[in-house]
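Here's the structure we're looking at; comments come further down.
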Amino acid sequence: MKLNRRAFIGTGVAAAAALQAPMVWSQGRPRVVVVGGGAGGATVARYLAKDSQGQIDVTLVEPTRHYYTCFFSNLYIGGFRDIASIGHSYGKLAAEYGINVVHDWAVGVDRDAKTVTLAGGAVLPYDRLVLSPGIDFVDGSVPGWDISAQNKMPHAYKAGSQSELLKAQIEAMPQGGRFAMIAPPNPYRCPPGPYERISMVAHLLTQVNPTAKILLVDPKDKYSKQALFEEGWAKHYPGMIERIGPDFGGDKVEVRPDAMEVVIDGTVEKVDACNVIPGQKAGRICEMAGITDGNWAPVTGYTMQSRVDGNIYVLGDATAQGDMPKSGYSANSQAKVAAMAIRGELMGSSVFPAKYSNTCWSLIAPEDGVKVGAAYEPTDEKIASVSSFVSQTGEDAALRKQTYEESLGWYAGITSDMFG
Amino acid sequence: MIRRMFNVLLTGFLLGGAGVAQAELLGDAARGEKLFRDCASCHQVGPGAENRVGPQLNNIFGRRAASAGDDYRYSKGLTRMGADGLVWTFDTLNAYVENPKALVSDTRMAYRGMKDETDRADLLAYLRGFSASPANIPESEPTARPREVELSPETLAIVGDKAYGEYLSSECLTCHQRSGANEGIPGVVGWPVEDFVIAMHAYKRQIRPHPVMQMMAGRLSDEEIAALAAYFAELE
């Protein structure tokens, strides 16, 4: 049923395109393959299909049929959203935009032949390839933890079942028990994310386990929105949260998932639930494509093209681009620049100067929202910050509530910008 | 409380069509005029008032909701409530101004609400002066919409490049929904060009306070603002 409908709509789009541009159609539509259906990939696929009016053949490769946004997954842990409310399907992108949505893993890129190989065996040819695979974890980042330990000590840094697992483990802690988080080293996805999560876990615990404690083990000296979080924690969760920074061994941590132990600079701490957020690198497909330098894929800020291969564009967390944080908002912003550049290359449409922006909202407690953001422009060297702002400590409750409500509006906005 | 009941009775009486013009009894209309300045960036009232970002407010008392003219696009919810018989009276306006979303959950009016009861009474007293029967619209100047920023005629005359506006708009659409929905972040679809341009320059000059918008507008040129205004004005 769905296939028939898709095929029918696809034909309609193609027919309309043929009327407008018989030349292009007779030569075959240019093909763009997009790997990864998150904030970067879904957005670039949608803008390419929408703005080319079907004249570009867009294939979106995404393993999951139901995509859970990492942004707002902390609000799920805190009890402010249910899991269904952060889940999205690709039905509209297929049905309304004529995008070929393929649920499979990309396992190889042949840059000379310009093809992508999928785990199921399919080989997809492309004229331009967009890689937006998000993150993978650096092996050995936290001694004692690897991906096989993710059920005992979840990372919950790719949302969905991991988020549900972590929340269930926190709720199952004994009264007065202890939750630990191993925060990641820079750079990583969503700079305020671990600290918003601490806030949300604290909120959850005040509801179900008010004598519980939180141990935050952090290899970094300082972190995003630190003054705002520290002010909020002292106000809403006094005495609950202890942070161990590198000055007290926060950078020398080992975990023992079977024993539920965290070893900080040689001192063994028993914990009842533990969230390990390891060091991160570009999604594996970037490395397979041979476009990484170290852990990340370098791109030029003018277009988001890989600095290694101009036929490949890279978006979001996987990139090394300069000053933009790894966030869904950034990936969405970058996707629009890339879509414009790709259309310019393939269709000859107008290309305007790249502009980027980012805002990260975080929730500290009910109706206590804060934000940080910046605007960016490309230089030869990188994407450079040109202006920025951050919420202030001591803001009144009305402003914080407004900021929280604004974040709800942003969620509705960006998800409809991604998924139609 | 007593005052409020009196107001309600009075309003009902006036709407009955037999009353004397004593709109000032609703509240302090002069003070209401000052309070209206917050509303005036979107609403016009008085002779020559037109639908702008918000509908014009002449004869709002006694008007069926969502009926300011075919050229104004209301939210679905407000349209439905108007069709179902919602009429703007002191009571319904009072509730709406106090908390717009509580009365009309999908309203496009991006106003957070006027919490103070006296403020609302004063504001409504001012507006009551522009509703017909028995008080005619006064022979005053059209509501000079207080311009938040003074822009040169050249700046206001720039004709925006819609294709450029479409590209620039993609940055806006991360937060402001294409549908025009107003959920925590106001809709910007279908605004008159001039209102859009003035609002953006007000952010750019940091007269309007929102930090994200100050940052976004701060790096837009006059041409880029005009391009965005041209694009959003024609979005359905």
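Ordering of the structure tokens sets the chain letters (A, B, ...); residue numbers start at 1 within each chain; ligands are numbered from 1 in the order shown.
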
Closest pair table for chain B residues within 12 Å of chain A, only C-alpha atoms, as JSON lines:
{"residue": "B:Ala110", "atom": "CA", "partner": "A:Glu406", "partner_atom": "CA", "distance": 11.6}
{"residue": "B:Tyr111", "atom": "CA", "partner": "A:Gln402", "partner_atom": "CA", "distance": 11.6}
{"residue": "B:Arg112", "atom": "CA", "partner": "A:Gln402", "partner_atom": "CA", "distance": 9.1}
{"residue": "B:Asp161", "atom": "CA", "partner": "A:Phe352", "partner_atom": "CA", "distance": 12.0}
{"residue": "B:Ala163", "atom": "CA", "partner": "A:Ser350", "partner_atom": "CA", "distance": 8.5}
{"residue": "B:Tyr164", "atom": "CA", "partner": "A:Phe352", "partner_atom": "CA", "distance": 7.4}
{"residue": "B:Gly165", "atom": "CA", "partner": "A:Phe352", "partner_atom": "CA", "distance": 10.4}
{"residue": "B:Glu166", "atom": "CA", "partner": "A:Asp51", "partner_atom": "CA", "distance": 9.8}
{"residue": "B:Tyr167", "atom": "CA", "partner": "A:Phe352", "partner_atom": "CA", "distance": 7.7}
{"residue": "B:Leu168", "atom": "CA", "partner": "A:Lys355", "partner_atom": "CA", "distance": 8.3}
{"residue": "B:Ser169", "atom": "CA", "partner": "A:Lys336", "partner_atom": "CA", "distance": 10.1}
{"residue": "B:Ser170", "atom": "CA", "partner": "A:Lys336", "partner_atom": "CA", "distance": 6.8}
{"residue": "B:Glu171", "atom": "CA", "partner": "A:Ser333", "partner_atom": "CA", "distance": 6.5}
{"residue": "B:Cys172", "atom": "CA", "partner": "A:Gly413", "partner_atom": "CA", "distance": 9.4}
{"residue": "B:Leu173", "atom": "CA", "partner": "A:Gly413", "partner_atom": "CA", "distance": 6.6}
{"residue": "B:Thr174", "atom": "CA", "partner": "A:Ile414", "partner_atom": "CA", "distance": 4.7}
{"residue": "B:Cys175", "atom": "CA", "partner": "A:Trp410", "partner_atom": "CA", "distance": 4.5}
{"residue": "B:His176", "atom": "CA", "partner": "A:Gly413", "partner_atom": "CA", "distance": 5.8}
{"residue": "B:Gln177", "atom": "CA", "partner": "A:Gly413", "partner_atom": "CA", "distance": 5.0}
{"residue": "B:Arg178", "atom": "CA", "partner": "A:Gly413", "partner_atom": "CA", "distance": 8.0}
{"residue": "B:Ser179", "atom": "CA", "partner": "A:Ser416", "partner_atom": "CA", "distance": 9.4}
{"residue": "B:Gly180", "atom": "CA", "partner": "A:Gly413", "partner_atom": "CA", "distance": 10.0}
{"residue": "B:Ala181", "atom": "CA", "partner": "A:Gly413", "partner_atom": "CA", "distance": 9.0}
{"residue": "B:Asn182", "atom": "CA", "partner": "A:Gly409", "partner_atom": "CA", "distance": 7.7}
{"residue": "B:Glu183", "atom": "CA", "partner": "A:Gly409", "partner_atom": "CA", "distance": 4.9}
{"residue": "B:Gly184", "atom": "CA", "partner": "A:Glu406", "partner_atom": "CA", "distance": 4.5}
{"residue": "B:Ile185", "atom": "CA", "partner": "A:Gly409", "partner_atom": "CA", "distance": 5.1}
{"residue": "B:Pro186", "atom": "CA", "partner": "A:Gly409", "partner_atom": "CA", "distance": 8.4}
{"residue": "B:Gly187", "atom": "CA", "partner": "A:Gly409", "partner_atom": "CA", "distance": 10.1}
{"residue": "B:Pro209", "atom": "CA", "partner": "A:Leu399", "partner_atom": "CA", "distance": 11.6}
{"residue": "B:His210", "atom": "CA", "partner": "A:Thr403", "partner_atom": "CA", "distance": 10.3}
{"residue": "B:Pro211", "atom": "CA", "partner": "A:Phe389", "partner_atom": "CA", "distance": 6.6}
{"residue": "B:Val212", "atom": "CA", "partner": "A:Gly373", "partner_atom": "CA", "distance": 7.2}
{"residue": "B:Met213", "atom": "CA", "partner": "A:Phe389", "partner_atom": "CA", "distance": 10.6}
{"residue": "B:Gln214", "atom": "CA", "partner": "A:Phe389", "partner_atom": "CA", "distance": 9.5}
{"residue": "B:Met215", "atom": "CA", "partner": "A:Ser387", "partner_atom": "CA", "distance": 6.7}
{"residue": "B:Met216", "atom": "CA", "partner": "A:Ala375", "partner_atom": "CA", "distance": 7.1}
{"residue": "B:Ala217", "atom": "CA", "partner": "A:Ala375", "partner_atom": "CA", "distance": 10.3}
{"residue": "B:Gly218", "atom": "CA", "partner": "A:Ser387", "partner_atom": "CA", "distance": 8.8}
{"residue": "B:Arg219", "atom": "CA", "partner": "A:Ala375", "partner_atom": "CA", "distance": 8.4}
{"residue": "B:Leu220", "atom": "CA", "partner": "A:Lys355", "partner_atom": "CA", "distance": 10.1}
{"residue": "B:Glu224", "atom": "CA", "partner": "A:Phe352", "partner_atom": "CA", "distance": 11.2}

Using N, CA and C atoms, can you export the residues from the last selection as a short mmCIF file (atom, residue, chain, number, x, y, z; two decimals), in the first residue's frame?
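Now in out-v1.cif:
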data_model
loop_
_atom_site.label_atom_id
_atom_site.label_comp_id
_atom_site.auth_asym_id
_atom_site.auth_seq_id
_atom_site.Cartn_x
_atom_site.Cartn_y
_atom_site.Cartn_z
N ALA B 110 1.32 36.30 19.15
CA ALA B 110 2.49 35.94 19.96
C ALA B 110 2.60 36.92 21.12
N TYR B 111 1.60 36.95 21.94
CA TYR B 111 1.60 37.84 23.10
C TYR B 111 1.39 36.97 24.33
N ARG B 112 2.20 37.21 25.34
CA ARG B 112 2.21 36.26 26.46
C ARG B 112 1.10 36.52 27.45
N ASP B 161 14.71 40.67 -2.75
CA ASP B 161 14.89 39.58 -3.73
C ASP B 161 14.33 38.31 -3.09
N ALA B 163 14.05 35.24 -4.10
CA ALA B 163 14.84 34.00 -4.20
C ALA B 163 15.92 33.99 -3.11
N TYR B 164 16.53 35.16 -2.90
CA TYR B 164 17.52 35.26 -1.82
C TYR B 164 16.82 35.08 -0.47
N GLY B 165 15.65 35.69 -0.37
CA GLY B 165 14.87 35.56 0.86
C GLY B 165 14.54 34.11 1.18
N GLU B 166 14.27 33.35 0.14
CA GLU B 166 13.94 31.94 0.36
C GLU B 166 15.14 31.20 0.97
N TYR B 167 16.32 31.48 0.42
CA TYR B 167 17.50 30.83 1.00
C TYR B 167 17.73 31.30 2.43
N LEU B 168 17.69 32.63 2.63
CA LEU B 168 17.93 33.15 3.98
C LEU B 168 16.89 32.61 4.97
N SER B 169 15.68 32.41 4.48
CA SER B 169 14.59 31.98 5.38
C SER B 169 14.86 30.61 5.96
N SER B 170 15.70 29.81 5.28
CA SER B 170 15.93 28.46 5.80
C SER B 170 16.55 28.53 7.19
N GLU B 171 17.28 29.61 7.44
CA GLU B 171 17.84 29.77 8.79
C GLU B 171 16.73 30.06 9.81
N CYS B 172 15.75 30.82 9.40
CA CYS B 172 14.64 31.16 10.30
C CYS B 172 13.81 29.92 10.63
N LEU B 173 13.69 29.03 9.61
CA LEU B 173 12.74 27.92 9.74
C LEU B 173 13.22 26.83 10.68
N THR B 174 14.45 26.95 11.18
CA THR B 174 14.85 26.03 12.24
C THR B 174 13.96 26.22 13.47
N CYS B 175 13.48 27.43 13.68
CA CYS B 175 12.65 27.71 14.85
C CYS B 175 11.23 28.15 14.48
N HIS B 176 11.12 29.06 13.51
CA HIS B 176 9.81 29.58 13.13
C HIS B 176 9.20 28.65 12.09
N GLN B 177 8.06 28.05 12.44
CA GLN B 177 7.55 27.00 11.57
C GLN B 177 6.99 27.55 10.27
N ARG B 178 7.24 26.78 9.22
CA ARG B 178 6.76 27.09 7.88
C ARG B 178 5.24 27.26 7.85
N SER B 179 4.56 26.51 8.73
CA SER B 179 3.10 26.55 8.76
C SER B 179 2.57 27.84 9.38
N GLY B 180 3.46 28.64 9.97
CA GLY B 180 3.01 29.84 10.67
C GLY B 180 2.56 29.57 12.10
N ALA B 181 2.69 28.32 12.56
CA ALA B 181 2.25 27.97 13.91
C ALA B 181 3.02 28.80 14.94
N ASN B 182 2.36 29.06 16.04
CA ASN B 182 2.90 29.90 17.10
C ASN B 182 2.96 29.07 18.37
N GLU B 183 4.06 28.32 18.54
CA GLU B 183 4.20 27.44 19.71
C GLU B 183 5.48 27.79 20.44
N GLY B 184 5.40 28.72 21.36
CA GLY B 184 6.61 29.10 22.11
C GLY B 184 7.50 30.03 21.30
N ILE B 185 7.41 29.95 19.99
CA ILE B 185 8.14 30.82 19.08
C ILE B 185 7.12 31.35 18.08
N PRO B 186 7.04 32.68 17.92
CA PRO B 186 5.95 33.22 17.11
C PRO B 186 6.05 32.86 15.64
N GLY B 187 4.90 32.76 14.99
CA GLY B 187 4.86 32.58 13.55
C GLY B 187 5.24 33.88 12.85
N PRO B 209 14.28 43.15 22.62
CA PRO B 209 15.25 42.55 23.53
C PRO B 209 15.73 41.13 23.25
N HIS B 210 15.15 40.37 22.36
CA HIS B 210 15.45 38.93 22.34
C HIS B 210 16.87 38.63 21.82
N PRO B 211 17.71 37.93 22.63
CA PRO B 211 19.11 37.76 22.23
C PRO B 211 19.32 36.95 20.96
N VAL B 212 18.50 35.90 20.75
CA VAL B 212 18.68 35.11 19.52
C VAL B 212 18.35 35.98 18.31
N MET B 213 17.26 36.70 18.41
CA MET B 213 16.85 37.54 17.27
C MET B 213 17.81 38.71 17.06
N GLN B 214 18.34 39.24 18.15
CA GLN B 214 19.34 40.31 18.00
C GLN B 214 20.55 39.79 17.23
N MET B 215 20.93 38.56 17.55
CA MET B 215 22.09 37.98 16.87
C MET B 215 21.79 37.71 15.39
N MET B 216 20.61 37.13 15.14
CA MET B 216 20.24 36.79 13.77
C MET B 216 20.12 38.06 12.91
N ALA B 217 19.39 39.04 13.46
CA ALA B 217 19.16 40.27 12.69
C ALA B 217 20.44 41.09 12.60
N GLY B 218 21.29 40.94 13.61
CA GLY B 218 22.48 41.78 13.70
C GLY B 218 23.41 41.62 12.52
N ARG B 219 23.37 40.48 11.88
CA ARG B 219 24.30 40.30 10.76
C ARG B 219 23.59 40.34 9.41
N LEU B 220 22.33 40.73 9.41
CA LEU B 220 21.62 40.85 8.13
C LEU B 220 21.75 42.28 7.61
N GLU B 224 19.18 42.14 2.85
CA GLU B 224 18.80 40.79 3.30
C GLU B 224 17.50 40.83 4.10
#

Item to complete: Output as a PyMOL selection string all residues of range 144-219 of chain A that backbone DSSP marks as alpha helix (DSSP H).
Response: chain A and resi 161-171+193-208

Give me a file of those residues, with C-alpha atoms, as a PDB file, in the first residue's frame.
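Dumped everything to again_2.pdb:
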ATOM      1  CA  SER A 161      16.362   2.221  23.584  1.00  0.00           C
ATOM      2  CA  GLN A 162      19.538   3.443  25.311  1.00  0.00           C
ATOM      3  CA  SER A 163      17.609   6.381  26.772  1.00  0.00           C
ATOM      4  CA  GLU A 164      14.868   4.053  28.002  1.00  0.00           C
ATOM      5  CA  LEU A 165      17.405   1.694  29.517  1.00  0.00           C
ATOM      6  CA  LEU A 166      19.218   4.448  31.390  1.00  0.00           C
ATOM      7  CA  LYS A 167      16.009   5.900  32.756  1.00  0.00           C
ATOM      8  CA  ALA A 168      14.807   2.472  33.909  1.00  0.00           C
ATOM      9  CA  GLN A 169      18.113   1.836  35.703  1.00  0.00           C
ATOM     10  CA  ILE A 170      17.944   5.177  37.487  1.00  0.00           C
ATOM     11  CA  GLU A 171      14.359   4.518  38.557  1.00  0.00           C
ATOM     12  CA  GLY A 193      24.153  17.679  26.988  1.00  0.00           C
ATOM     13  CA  PRO A 194      25.848  15.822  29.850  1.00  0.00           C
ATOM     14  CA  TYR A 195      25.059  18.661  32.254  1.00  0.00           C
ATOM     15  CA  GLU A 196      21.462  18.987  31.167  1.00  0.00           C
ATOM     16  CA  ARG A 197      21.275  15.242  31.721  1.00  0.00           C
ATOM     17  CA  ILE A 198      22.662  15.608  35.248  1.00  0.00           C
ATOM     18  CA  SER A 199      19.934  18.206  35.849  1.00  0.00           C
ATOM     19  CA  MET A 200      17.229  15.916  34.511  1.00  0.00           C
ATOM     20  CA  VAL A 201      18.470  12.905  36.492  1.00  0.00           C
ATOM     21  CA  ALA A 202      18.497  15.101  39.607  1.00  0.00           C
ATOM     22  CA  HIS A 203      14.936  16.189  38.895  1.00  0.00           C
ATOM     23  CA  LEU A 204      13.848  12.585  38.401  1.00  0.00           C
ATOM     24  CA  LEU A 205      15.565  11.532  41.627  1.00  0.00           C
ATOM     25  CA  THR A 206      13.951  14.320  43.666  1.00  0.00           C
ATOM     26  CA  GLN A 207      10.637  12.775  42.597  1.00  0.00           C
ATOM     27  CA  VAL A 208      11.364   9.088  43.160  1.00  0.00           C
TER      28      VAL A 208
END

Discussion item. With distances taken over only C-alpha atoms, which residue among A:Gly279, A:Pro174, A:Gly36, A:Gly78 lies nearest Leu60 in chain A?
Written reply: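 Closest to Leu60 in chain A, using only C-alpha atoms: A:Gly36.
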
Fill in: strand (DSSP E) positions in range 103-327 of chain A, given as a ChimeraX atom specification
/A:106-110,115-118,123-125,128-131,135-137,178-182,213-217,241-244,253-256,261-264,267-270,273-276,280-282,297-298,312-314,319-320

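With only C-alpha atoms as the atoms that count, the minimum distance from Leu127 in chain B to the choices B:Gln44, B:Thr155, B:Ser67, B:Ser105 is reached by B:Gln44.
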
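Near range 136-143 of chain A, within a cut-off of 6 Å and counting only C-alpha atoms, sit the residues A:Glu254, A:Pro278, A:Gly279, A:Gln280, A:Lys281, A:Ala282, A:Gly283, with same-chain residues fewer than 5 positions away left out.
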
Fill in: Between CA of Leu93 in chain A and CA of Ala338 in chain A - distance in Å to one decimal
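It comes out at 18.0 Å.
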
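Using only C-alpha atoms for every distance, the candidate list A:Gly37, A:Gly348, A:Pro219, A:Pro63 yields A:Pro219 as the residue closest to Met181 in chain A.
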
Fill in: Separation of CA of Val189 in chain B from CA of Ser152 in chain B in Å
24.7 Å

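The two atoms in question, CA of Gly316 in chain A and CA of Ala45 in chain A, are spaced 13.9 Å apart.
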